[in-house]
Amino acid sequence: MLTNRQLFLNHVAQTSETPLALEIEKAEGIYLFGADGKKYMDLISGISVSNVGHRHPAVVKAIKDQVDKYMHLMVYGEYIQSPQTQLAKALTGLLPESLSSVYFVNSGSEAVEGAMKLAKRYTGRTEIISFKNAYHGSTQGSLSLMGSEEFKSAFRPLLPDTKQIHFNHESDLEQITSRTAAVFIEPVQGEAGAKVPENDFLKKLSKKCKAVGALFVADEIQTGFGRTGTFFAFEQFGFIPDILCLAKGMGGGMPIGAFISSKEIMNSLTNSPILGHITTFGGHPVSCAAALATINVLLEERLIDKVKEKEELFRSLLKHPAIKSISGKGLLLAVEFESYDQNKKIIDKCIENGVITDWFLFNSHSMRIAPPLNITENEIRSACQVILKTLGS
């Protein structure tokens, strides 16, 4: 009889020649437990998904309660379903008045795809601008916005009329013109190595978009739901997006995403043609119930209030000659080393010693630190001890 590992290698599609291949049997809080009983501390949260930890009791209860009522009923938008309406109310209650209309989807890539269509439909324009080293997803449209040619070249031709400019380069904003339908940006560039905007760059970008009539789209798929120290990262940078894309930490471990805009902008999908955007499973009631519970946990347990303090603790503890710098915001941090080879060896050793971390797609010499927001001070200290021990401290 084949083992799970053999079945995985034989039948589950692989995206690299050397998958991590950890066999996990259980997860709880910030910990994963292997089939061999080994305990791992999760410092990456499934790539910023498990913001409230794995299997949070309130999220699990909401899922079970909803399953007892109903699961899929009908293509999104046709039936009034309480999990959707209550989640939409909760989300818009956390946002500025202009972000009042929510379209639910299944993932971050889908949120970006929907936002691209919405921007084109509303503005009547075709050009979409994004940034070098940006990550917006891997489907054909979102891949067109990705800021790394290495990941795109094998799949060309992609969408026409897309281009990338440089993050934090004010002079590049002149490339945004009256031809531009939308500019997509991560308030903190995740896969670039948690790169933070400088010199009011996002405010200046917002001003330029308004001047030429382009829509400003904030991709908060990785930065949303408290990851950077506020519920949404844009709150820290003095602008309000025209469209907001969400996913990852939204569902407490369940698959869900959304793009959010004003009623006026969103209504452009209702005509010419009717059903301008359609999804079968978007806004799945079980995922919506999990997402609403996740929001309530973040608020009731005040998890976001302590993110800055936890960031500072990581920064204060991770001191070593091998560490060149630490970039990022909140609990989305990038620990920079000399090279990818050095970083990979450290990551592999950390995993061997029970601490799961990884690298960034477009910044492979930096280690990702993005644990669940409910990680404790003692757990942070323990994780940092493992990392420093790996470095030879």
# chains A, B, ... in the order shown; residues from 1 in each chain; ligands from 1
>>> closest_atom_pairs(of="stretch 192-250 of chain A", to="stretch 26-44 of chain A", cutoff="12 Å", atoms="only C-alpha atoms", output="tab-separated table")
residue	atom	partner	partner_atom	distance
A:Gln222	CA	A:Ile44	CA	11.4
A:Arg227	CA	A:Ile44	CA	11.4
A:Lys248	CA	A:Ile44	CA	12.0
A:Gly249	CA	A:Ile44	CA	11.7
>>> write_last_selection(atoms="C-alpha atoms", output="mmCIF file, in the first residue's frame")
data_model
loop_
_atom_site.group_PDB
_atom_site.id
_atom_site.type_symbol
_atom_site.label_atom_id
_atom_site.label_comp_id
_atom_site.auth_asym_id
_atom_site.auth_seq_id
_atom_site.Cartn_x
_atom_site.Cartn_y
_atom_site.Cartn_z
ATOM 1 C CA GLN A 222 -1.555 39.785 1.960
ATOM 2 C CA ARG A 227 -1.189 41.853 9.191
ATOM 3 C CA LYS A 248 -5.786 35.249 2.412
ATOM 4 C CA GLY A 249 -6.370 36.230 6.085
#
>>> residues_around(residues="A:Leu313", least_positions_apart="3", cutoff="10 Å", atoms="only C-alpha atoms", output="count of residues only")
11
>>> closest_residue(among="A:Met254, A:Val286, A:Val386, A:Leu118", to="A:Ser50", atoms="only C-alpha atoms")
A:Met254
>>> residues_around(residues="A:Ala58", least_positions_apart="6", cutoff="9 Å", atoms="only C-alpha atoms", output="NGL selection string")
:A and (290 or 293-294 or 296-297)
>>> select_by_dssp(residues="stretch 210-384 of chain A", states="helix (DSSP H, G or I)", output="number ranges by chain")
A: 210-212, 233-236, 248-251, 263-270, 285-300, 304-317, 340-352, 377-384
>>> closest_atom_pairs(of="stretch 232-285 of chain A", to="stretch 128-139 of chain A", cutoff="12 Å", atoms="only C-alpha atoms", output="CSV")
residue,atom,partner,partner_atom,distance
A:Cys245,CA,A:His136,CA,9.8
A:Leu246,CA,A:His136,CA,11.0
A:Ala247,CA,A:Gly137,CA,11.2
A:Lys248,CA,A:Gly137,CA,11.7
>>> closest_residue(among="A:Val52, A:Leu159, A:Leu361, A:Ile176", to="A:Ala211", atoms="only C-alpha atoms")
A:Ile176
>>> residues_around(residues="A:Tyr70", least_positions_apart="6", cutoff="12 Å", atoms="only C-alpha atoms", output="number ranges by chain")
A: 63-64, 81-83, 284-287, 289
>>> atom_distance(atom1="atom CA of A:Val335", atom2="atom CA of A:Ile347")
11.2 Å
>>> closest_residue(among="A:Phe216, A:Phe232, A:Phe259, A:Phe155", to="A:Asn106", atoms="only C-alpha atoms")
A:Phe259
>>> atom_distance(atom1="atom CA of A:Ile278", atom2="atom CA of A:Pro96")
25.8 Å
>>> select_by_dssp(residues="stretch 132-378 of chain A", states="strand (DSSP E)", output="ChimeraX atom specification")
/A:162-165,180-185,215-219,243-246,257-261,325-329,332-336,355-356,358-360,363-369
>>> write_last_selection(atoms="N, CA and C atoms", output="compact mmCIF listing (two decimals), in the first residue's frame")
# COMPACT_ATOMS: atom_id res chain seq x y z
N THR A 162 -0.71 46.33 -20.55
CA THR A 162 -0.31 46.33 -19.14
C THR A 162 1.16 46.70 -19.07
N LYS A 163 1.54 47.44 -18.03
CA LYS A 163 2.95 47.76 -17.86
C LYS A 163 3.27 47.96 -16.39
N GLN A 164 4.56 47.84 -16.07
CA GLN A 164 5.01 47.98 -14.69
C GLN A 164 5.92 49.21 -14.56
N ILE A 165 5.74 49.92 -13.47
CA ILE A 165 6.62 51.04 -13.13
C ILE A 165 7.28 50.71 -11.80
N THR A 180 -5.01 55.47 -18.77
CA THR A 180 -4.90 54.45 -17.72
C THR A 180 -6.25 54.19 -17.06
N ALA A 181 -6.67 52.94 -17.09
CA ALA A 181 -7.92 52.55 -16.41
C ALA A 181 -7.69 52.45 -14.91
N ALA A 182 -6.58 51.82 -14.51
CA ALA A 182 -6.34 51.60 -13.08
C ALA A 182 -4.86 51.37 -12.82
N VAL A 183 -4.47 51.68 -11.60
CA VAL A 183 -3.14 51.36 -11.09
C VAL A 183 -3.33 50.41 -9.91
N PHE A 184 -2.69 49.25 -9.98
CA PHE A 184 -2.76 48.24 -8.92
C PHE A 184 -1.48 48.31 -8.09
N ILE A 185 -1.64 48.34 -6.77
CA ILE A 185 -0.46 48.39 -5.91
C ILE A 185 -0.73 47.70 -4.59
N LEU A 215 -8.43 54.69 -11.78
CA LEU A 215 -8.82 54.13 -10.49
C LEU A 215 -7.59 53.62 -9.75
N PHE A 216 -7.57 53.84 -8.45
CA PHE A 216 -6.48 53.39 -7.58
C PHE A 216 -6.95 52.10 -6.92
N VAL A 217 -6.28 50.99 -7.22
CA VAL A 217 -6.66 49.68 -6.69
C VAL A 217 -5.62 49.22 -5.68
N ALA A 218 -6.04 49.03 -4.44
CA ALA A 218 -5.15 48.54 -3.38
C ALA A 218 -5.30 47.04 -3.26
N ASP A 219 -4.22 46.33 -3.53
CA ASP A 219 -4.20 44.88 -3.35
C ASP A 219 -3.76 44.60 -1.92
N ILE A 243 -10.82 50.86 -5.39
CA ILE A 243 -11.15 49.44 -5.31
C ILE A 243 -10.17 48.78 -4.34
N LEU A 244 -10.69 47.91 -3.50
CA LEU A 244 -9.87 47.19 -2.52
C LEU A 244 -10.00 45.70 -2.77
N CYS A 245 -8.86 45.01 -2.89
CA CYS A 245 -8.85 43.55 -3.09
C CYS A 245 -8.41 42.86 -1.81
N LEU A 246 -9.18 41.82 -1.42
CA LEU A 246 -8.91 41.10 -0.18
C LEU A 246 -8.94 39.59 -0.42
N GLY A 257 -12.32 35.46 -1.08
CA GLY A 257 -11.74 36.74 -1.44
C GLY A 257 -12.84 37.73 -1.73
N ALA A 258 -12.45 38.96 -2.02
CA ALA A 258 -13.45 39.98 -2.35
C ALA A 258 -12.77 41.15 -3.04
N PHE A 259 -13.52 41.82 -3.91
CA PHE A 259 -13.11 43.16 -4.33
C PHE A 259 -14.25 44.09 -3.95
N ILE A 260 -13.88 45.26 -3.46
CA ILE A 260 -14.84 46.19 -2.83
C ILE A 260 -14.67 47.56 -3.46
N SER A 261 -15.78 48.21 -3.75
CA SER A 261 -15.71 49.55 -4.34
C SER A 261 -16.96 50.32 -3.94
N SER A 325 19.59 43.32 7.35
CA SER A 325 18.52 44.29 7.65
C SER A 325 17.23 43.53 7.90
N ILE A 326 16.24 44.24 8.46
CA ILE A 326 14.89 43.70 8.59
C ILE A 326 13.94 44.75 8.04
N SER A 327 13.22 44.40 7.01
CA SER A 327 12.26 45.34 6.41
C SER A 327 10.85 44.85 6.67
N GLY A 328 9.88 45.72 6.39
CA GLY A 328 8.49 45.33 6.53
C GLY A 328 7.74 46.15 7.53
N LYS A 329 6.51 45.73 7.79
CA LYS A 329 5.63 46.45 8.71
C LYS A 329 4.76 45.45 9.43
N LEU A 332 4.58 41.35 9.01
CA LEU A 332 5.01 40.99 7.67
C LEU A 332 6.43 41.53 7.53
N LEU A 333 7.39 40.70 7.91
CA LEU A 333 8.79 41.12 8.00
C LEU A 333 9.67 40.27 7.10
N ALA A 334 10.73 40.90 6.59
CA ALA A 334 11.72 40.22 5.76
C ALA A 334 13.09 40.38 6.40
N VAL A 335 13.69 39.26 6.77
CA VAL A 335 15.02 39.26 7.39
C VAL A 335 16.03 38.98 6.29
N GLU A 336 16.87 39.96 6.00
CA GLU A 336 17.76 39.89 4.84
C GLU A 336 19.11 39.25 5.19
N VAL A 355 10.82 25.22 13.43
CA VAL A 355 10.27 26.56 13.14
C VAL A 355 10.14 26.69 11.62
N ILE A 356 8.90 26.84 11.13
CA ILE A 356 8.65 26.93 9.69
C ILE A 356 8.71 28.39 9.24
N ASP A 358 10.08 30.71 5.36
CA ASP A 358 10.47 30.52 3.96
C ASP A 358 11.01 31.82 3.41
N TRP A 359 11.17 31.88 2.07
CA TRP A 359 11.72 33.06 1.42
C TRP A 359 10.64 33.75 0.60
N PHE A 360 11.01 34.86 -0.02
CA PHE A 360 10.07 35.64 -0.82
C PHE A 360 10.34 35.41 -2.31
N ASN A 363 12.54 38.15 -3.67
CA ASN A 363 13.60 38.59 -2.75
C ASN A 363 14.08 37.33 -2.02
N SER A 364 14.74 36.46 -2.78
CA SER A 364 15.04 35.11 -2.29
C SER A 364 16.12 35.08 -1.22
N HIS A 365 16.81 36.20 -1.01
CA HIS A 365 17.82 36.22 0.05
C HIS A 365 17.26 36.71 1.39
N SER A 366 15.94 36.89 1.46
CA SER A 366 15.30 37.33 2.70
C SER A 366 14.34 36.27 3.23
N MET A 367 14.34 36.10 4.54
CA MET A 367 13.49 35.14 5.22
C MET A 367 12.16 35.78 5.63
N ARG A 368 11.06 35.06 5.41
CA ARG A 368 9.73 35.56 5.74
C ARG A 368 9.41 35.33 7.22
N ILE A 369 8.97 36.39 7.89
CA ILE A 369 8.44 36.30 9.26
C ILE A 369 7.02 36.85 9.21
>>> atom_distance(atom1="atom CA of A:Lys152", atom2="atom CA of A:Val188")
21.6 Å
>>> decode(residues="stretch 55-66 of chain A", atoms="N, CA and C atoms", output="PDB file, in the first residue's frame")
ATOM      1  N   ARG A  55      -7.296  26.748  13.126  1.00  0.00           N
ATOM      2  CA  ARG A  55      -8.474  26.155  13.769  1.00  0.00           C
ATOM      3  C   ARG A  55      -8.918  26.950  14.998  1.00  0.00           C
ATOM      4  N   HIS A  56      -9.027  28.240  14.859  1.00  0.00           N
ATOM      5  CA  HIS A  56      -9.528  29.035  15.991  1.00  0.00           C
ATOM      6  C   HIS A  56     -10.920  28.531  16.349  1.00  0.00           C
ATOM      7  N   PRO A  57     -11.192  28.280  17.640  1.00  0.00           N
ATOM      8  CA  PRO A  57     -12.484  27.689  18.038  1.00  0.00           C
ATOM      9  C   PRO A  57     -13.699  28.443  17.512  1.00  0.00           C
ATOM     10  N   ALA A  58     -13.640  29.767  17.488  1.00  0.00           N
ATOM     11  CA  ALA A  58     -14.790  30.544  17.019  1.00  0.00           C
ATOM     12  C   ALA A  58     -15.014  30.347  15.523  1.00  0.00           C
ATOM     13  N   VAL A  59     -13.931  30.220  14.765  1.00  0.00           N
ATOM     14  CA  VAL A  59     -14.039  29.996  13.325  1.00  0.00           C
ATOM     15  C   VAL A  59     -14.570  28.590  13.054  1.00  0.00           C
ATOM     16  N   VAL A  60     -14.046  27.613  13.776  1.00  0.00           N
ATOM     17  CA  VAL A  60     -14.503  26.228  13.611  1.00  0.00           C
ATOM     18  C   VAL A  60     -15.993  26.117  13.944  1.00  0.00           C
ATOM     19  N   LYS A  61     -16.421  26.779  15.021  1.00  0.00           N
ATOM     20  CA  LYS A  61     -17.843  26.737  15.409  1.00  0.00           C
ATOM     21  C   LYS A  61     -18.723  27.357  14.324  1.00  0.00           C
ATOM     22  N   ALA A  62     -18.271  28.490  13.777  1.00  0.00           N
ATOM     23  CA  ALA A  62     -19.066  29.152  12.735  1.00  0.00           C
ATOM     24  C   ALA A  62     -19.210  28.259  11.508  1.00  0.00           C
ATOM     25  N   ILE A  63     -18.143  27.544  11.168  1.00  0.00           N
ATOM     26  CA  ILE A  63     -18.186  26.624  10.022  1.00  0.00           C
ATOM     27  C   ILE A  63     -19.179  25.498  10.287  1.00  0.00           C
ATOM     28  N   LYS A  64     -19.088  24.889  11.457  1.00  0.00           N
ATOM     29  CA  LYS A  64     -19.970  23.775  11.792  1.00  0.00           C
ATOM     30  C   LYS A  64     -21.428  24.224  11.846  1.00  0.00           C
ATOM     31  N   ASP A  65     -21.661  25.388  12.432  1.00  0.00           N
ATOM     32  CA  ASP A  65     -23.040  25.894  12.520  1.00  0.00           C
ATOM     33  C   ASP A  65     -23.622  26.140  11.135  1.00  0.00           C
ATOM     34  N   GLN A  66     -22.808  26.692  10.222  1.00  0.00           N
ATOM     35  CA  GLN A  66     -23.313  26.975   8.880  1.00  0.00           C
ATOM     36  C   GLN A  66     -23.544  25.692   8.084  1.00  0.00           C
TER      37      GLN A  66
END
